[in-house]
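Chemist: Okay, handing you the structure first.
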Amino acid sequence: MKIKIRICFLFILILSNTHSLRSADTLKINFYIADSVFLTNNLSLLSAKYNISTAEALKIQAKVYPNPSLYYENSLVNKYTRTDYATDPTRTGSSENVVQVNQLIQLAGKRNKQIKIADINIKLTETDFENLLRTLRFQLHSNLSQLYYNQLSLKLLDEENKSIDKLSGNIEEQVKKGFISMSEGIRIKSLLLEIDKQRIDFANTNLDITAEINTILNFAPNTFMNVEMKSNSNINLLPINTYLDSANTYNPDVKKSNYLIDAAKAQYNLNKAMAVPNANLQLTYDKSGSYIRNYYGFGVGIDLPTFNRNQGNIKASGFQISQSENDFKLQQQTVSSILYSVYQRSVNNETILKNYNNIYEAQLLQMMDNVLESYQKRIITIVDFTNYYESYKQSYLTLLQIKSSLFSNIEQLNFLIGKPIIK
């Protein structure tokens with residue numbers, strides 16, 4: 001009962017948020033809501049599901065048996081009078097009728113082997129869907145995290161812009177009165193220009209990111225969002241062998257390569273079966289054209305595999321098996337190599353962040369306020385102020401960038417594994 005209530009609540013939440021997107025300019029969104037809307041609304045996923053349905057329908061087609069064929073023949077000329085029946089006044093004799101029913105019988109288990117290939121094609125299609133799902137989810141999470149950290153950076157720059165803009169106005173008044181040199185006023189103005197440039201860069205980047213998110217979630221183009229996220233740099237990564245084993249199990253590219261080996265083997269077995277000719281059963285009824293009236297006959301026909309024994313296709317499919325097995329090993333090696341590289345980058349970023357906790361972030365913000373206040377009180381010079389201020393501001397932005405990189409690394413690990421097992 002509790003599960004049903006939670007599902008209903010989630011459905012109402014998604015609908016309410018989707019409705020608010022059409023009427024409001026800005027939406028507060030977190031990863032949980034984004035994932036739920038993504039699975040429901042994404043048009044690419046909805047379209048890809050039809051590929052699975054198509055593959056399942058083709059399996060139904062592989063199961064059906066060949067249709068029998070019916071042949072009927074009626075003579076136009078009376079063999080006794082050598083005239084057509086319509087103009088024969090005596091109606092001597094009777095018309096000649098021939099009926100034949102043919103049924104193709106597939107030998108060597110061709111039908112079951114075709115069904116096997118259809119089953120593998122369904123798995124391949126499902127793997128393609130999983131690949132699309134993880135790719136879009138990776139794009140969604142990466143964009144949401146980047147947007148989150150960009151918004152934090154932009155929030156800092158907006159606040160500092162107000163402070164420096166106010167300071168710049170006061171300095172201009174002092175310059176006009178001759179209390180402060182023009183070079184000092186220009187230095188403050190240059191600092192303000194740099195902040196404005198960074199704000200524009202972040203704002204433009206956020207527009208591009210938001211456009212991608214709106215496409216993935218099927219939101220209106222004019223939708224903007226504030227991302228809510230728990231920023232935690234303590235990931236507690238497991239040993240890399242754990243993730244390598246999981247990647248060999250869940251990674252869609254590895255799974256697809258393995259299924260392609262099965263497909264090649266199934267095609268090889270079908271080609272060997274195709275070397276065995278099919279049989280053709282025939283039932284015949286002849287009313288008066290045979291040596292007796294009302295002749296019934298049964299016949300069996302089969303091609304003689306004298307020249308064409310499908311040997312070329314059998315040999316080609318054998319090479320295809322070897323190629324698929326080699327591709328499978330290559331895919332495993334590729335995924336393992338990239339996963340190892342991303343894992344090491346995650347460890348490096350996590351190691352850096354462990355030395356800089358939230359207290360350090362607060363200290364940077366406090367120091368920016370302190371140097372601004374010290375400069376306003378003329379305790380420090382303009383050179384010291386700009387140097388310290390830029391250093392603290394850039395350190396804060398760099399720290400946010402490292403956090404964003406760590407989150408991106410974790411998402412890449414989940415992408416390579418094929419399943420979001422790292423939270």
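Lettering and numbering for the structure tokens are positional, with chains as A, B, ... in the shown order, residues counted from 1 in each chain, and ligands counted from 1 in the shown order.
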Would you kindly return, as a list in words, each protein, DNA or RNA residue with an atom no farther than 10 Å from any atom of Leu144 (chain A), considering only C-alpha atoms and excluding same-chain residues fewer than 5 positions away?

Modeler: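 So the residues in contact are Ile29, Asn30, Phe31, Ala34, Phe138, Gln139, Tyr149, Asn150, Asn206, Ile209, Thr210, Glu212, Ile213, Met225, Asn226, Val227, Glu228 and Met229 of chain A.
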
Chemist: Let's have the selection written as a tab-separated table (two decimals), in the first residue's frame, with C-alpha atoms.

Modeler:
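Once everything was written out, this is again09.tsv:
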chain	number	residue	atom	x	y	z
A	29	ILE	CA	14.66	20.64	-10.06
A	30	ASN	CA	16.78	17.90	-8.52
A	31	PHE	CA	18.22	14.70	-9.94
A	34	ALA	CA	14.84	14.94	-13.52
A	138	PHE	CA	24.88	10.67	-18.64
A	139	GLN	CA	24.22	13.81	-20.68
A	149	TYR	CA	28.12	24.53	-10.17
A	150	ASN	CA	27.86	27.25	-12.80
A	206	ASN	CA	24.12	28.01	-18.87
A	209	ILE	CA	23.27	23.66	-21.07
A	210	THR	CA	19.64	24.53	-20.36
A	212	GLU	CA	20.20	20.52	-23.93
A	213	ILE	CA	18.36	19.70	-20.69
A	225	MET	CA	15.76	25.90	-13.91
A	226	ASN	CA	17.55	26.15	-10.60
A	227	VAL	CA	19.28	22.88	-9.77
A	228	GLU	CA	19.11	21.60	-6.21
A	229	MET	CA	21.87	19.17	-5.33

Chemist: With region 156-160 of chain A as the partner and 12 Å as the cut-off, tabulate the residues of region 286-385 of chain A that qualify, each row holding the nearest pair of atoms and their distance in Å to one decimal, using only C-alpha atoms, sorted by chain and rising number, as JSON lines.

Modeler:
{"residue": "A:Glu361", "atom": "CA", "partner": "A:Leu156", "partner_atom": "CA", "distance": 11.6}
{"residue": "A:Ala362", "atom": "CA", "partner": "A:Leu156", "partner_atom": "CA", "distance": 11.9}
{"residue": "A:Leu364", "atom": "CA", "partner": "A:Leu156", "partner_atom": "CA", "distance": 11.3}
{"residue": "A:Leu365", "atom": "CA", "partner": "A:Leu156", "partner_atom": "CA", "distance": 8.8}
{"residue": "A:Met368", "atom": "CA", "partner": "A:Glu160", "partner_atom": "CA", "distance": 9.0}
{"residue": "A:Asp369", "atom": "CA", "partner": "A:Glu160", "partner_atom": "CA", "distance": 9.2}
{"residue": "A:Leu372", "atom": "CA", "partner": "A:Glu160", "partner_atom": "CA", "distance": 10.0}

Chemist: Go ahead and write the selection's residues with N, CA and C atoms as a short mmCIF file (atom, residue, chain, number, x, y, z; two decimals), in the first residue's frame.

Modeler:
data_model
loop_
_atom_site.label_atom_id
_atom_site.label_comp_id
_atom_site.auth_asym_id
_atom_site.auth_seq_id
_atom_site.Cartn_x
_atom_site.Cartn_y
_atom_site.Cartn_z
N GLU A 361 35.85 26.87 1.95
CA GLU A 361 35.01 27.68 1.07
C GLU A 361 34.50 28.92 1.79
N ALA A 362 34.01 28.71 2.99
CA ALA A 362 33.50 29.84 3.78
C ALA A 362 34.62 30.83 4.08
N LEU A 364 37.23 31.48 2.21
CA LEU A 364 37.51 32.25 1.00
C LEU A 364 36.51 33.39 0.83
N LEU A 365 35.23 33.08 1.03
CA LEU A 365 34.20 34.12 0.91
C LEU A 365 34.41 35.20 1.97
N MET A 368 37.31 37.47 1.01
CA MET A 368 36.93 38.43 -0.04
C MET A 368 36.23 39.63 0.57
N ASP A 369 35.35 39.38 1.52
CA ASP A 369 34.68 40.49 2.21
C ASP A 369 35.66 41.30 3.03
N LEU A 372 37.85 43.57 0.83
CA LEU A 372 37.04 44.67 0.33
C LEU A 372 36.85 45.72 1.42
#

Chemist: Please provide as a VMD selection string all residues within 7 Å of region 286-289 of chain A, with the sequence filter that same-chain residues fewer than 4 positions apart are discarded (counting only C-alpha atoms).

Modeler: chain A and resid 96 to 99 293 to 296

Chemist: Please produce a file of the residues just selected, as a short mmCIF file (atom, residue, chain, number, x, y, z; two decimals), in the first residue's frame, where the atoms kept are C-alpha atoms.

Modeler:
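Generated output (part04.cif):
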data_model
loop_
_atom_site.label_atom_id
_atom_site.label_comp_id
_atom_site.auth_asym_id
_atom_site.auth_seq_id
_atom_site.Cartn_x
_atom_site.Cartn_y
_atom_site.Cartn_z
CA GLU A 96 -11.15 -32.34 -66.96
CA ASN A 97 -10.15 -31.06 -63.44
CA VAL A 98 -6.77 -31.13 -61.77
CA VAL A 99 -6.16 -30.04 -58.18
CA ARG A 293 -10.79 -41.58 -63.38
CA ASN A 294 -10.56 -39.74 -60.06
CA TYR A 295 -6.81 -40.21 -59.72
CA TYR A 296 -5.25 -39.43 -56.33
#

Chemist: Using only C-alpha atoms, I'd like a table of the residues in region 178-251 of chain A that come within 12 Å of region 40-57 of chain A; for each, show the closest atom pair and its distance in Å rounded to one decimal, ordered by chain and ascending number, as a tab-separated table.

Modeler:
residue	atom	partner	partner_atom	distance
A:Glu212	CA	A:Asn42	CA	11.9
A:Ile213	CA	A:Asn42	CA	10.5
A:Asn214	CA	A:Asn42	CA	9.8
A:Thr215	CA	A:Asn42	CA	8.0
A:Ile216	CA	A:Asn42	CA	5.7
A:Leu217	CA	A:Asn42	CA	5.5
A:Asn218	CA	A:Asn42	CA	5.9
A:Phe219	CA	A:Asn41	CA	8.6
A:Ala220	CA	A:Asn41	CA	11.9

Chemist: Would you mind exporting the chosen residues as a tab-separated table (two decimals), in the first residue's frame, restricted to N, CA and C atoms?

Modeler:
chain	number	residue	atom	x	y	z
A	212	GLU	N	20.02	21.96	-23.83
A	212	GLU	CA	20.20	20.52	-23.93
A	212	GLU	C	19.31	19.79	-22.92
A	213	ILE	N	19.22	20.33	-21.70
A	213	ILE	CA	18.36	19.70	-20.69
A	213	ILE	C	16.90	19.73	-21.12
A	214	ASN	N	16.45	20.87	-21.66
A	214	ASN	CA	15.07	20.98	-22.11
A	214	ASN	C	14.76	19.98	-23.22
A	215	THR	N	15.74	19.73	-24.08
A	215	THR	CA	15.54	18.75	-25.15
A	215	THR	C	15.43	17.34	-24.57
A	216	ILE	N	16.30	17.01	-23.62
A	216	ILE	CA	16.29	15.67	-23.04
A	216	ILE	C	15.00	15.42	-22.25
A	217	LEU	N	14.55	16.44	-21.51
A	217	LEU	CA	13.36	16.27	-20.68
A	217	LEU	C	12.07	16.64	-21.40
A	218	ASN	N	12.19	17.08	-22.66
A	218	ASN	CA	11.02	17.46	-23.45
A	218	ASN	C	10.27	18.61	-22.79
A	219	PHE	N	11.04	19.58	-22.30
A	219	PHE	CA	10.45	20.78	-21.71
A	219	PHE	C	10.31	21.86	-22.78
A	220	ALA	N	9.53	22.88	-22.44
A	220	ALA	CA	9.38	24.02	-23.34
A	220	ALA	C	10.72	24.74	-23.50

Chemist: Could you go through region 186-240 of chain A and tell me which residues DSSP, when run on the backbone, assigns to strand (DSSP E), listing them as a VMD selection string?

Modeler: chain A and resid 224 to 227

Chemist: Let me see the file: selected residues, C-alpha atoms, as an mmCIF file, in the first residue's frame.

Modeler:
data_model
loop_
_atom_site.group_PDB
_atom_site.id
_atom_site.type_symbol
_atom_site.label_atom_id
_atom_site.label_comp_id
_atom_site.auth_asym_id
_atom_site.auth_seq_id
_atom_site.Cartn_x
_atom_site.Cartn_y
_atom_site.Cartn_z
ATOM 1 C CA PHE A 224 14.858 27.823 -17.029
ATOM 2 C CA MET A 225 15.759 25.899 -13.912
ATOM 3 C CA ASN A 226 17.545 26.150 -10.602
ATOM 4 C CA VAL A 227 19.282 22.885 -9.774
#

Chemist: Tell me, in Å to one decimal, how far CA of Tyr285 (chain A) is from CA of Pro68 (chain A).

Modeler: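 For CA of Tyr285 (chain A) relative to CA of Pro68 (chain A), the distance reads 15.7 Å.
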
Chemist: Do a neighbour search on Ser153 (chain A) at 10 Å with only C-alpha atoms, toss out local chain neighbours closer than 4 positions, and write the hits as a list in words.

Modeler: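 Close residues of Ser153 (chain A): Leu147, Tyr148, Tyr149, Leu157, Asp158, Gln198, Arg199, Phe202, Lys393, Tyr396, Leu397, Thr398, Leu400 and Gln401 of chain A.
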
Chemist: Which residues are close to Ser181 (chain A), i.e. within 10 Å by only C-alpha atoms, leaving aside same-chain residues fewer than 6 positions away? Reply as an MDAnalysis selection string.

Modeler: chainID A and resid 171:172 174:175

Chemist: Expressed in Å to a single decimal, how great is the separation between CA of Leu283 (chain A) and CA of Lys113 (chain A)?

Modeler: 28.1 Å
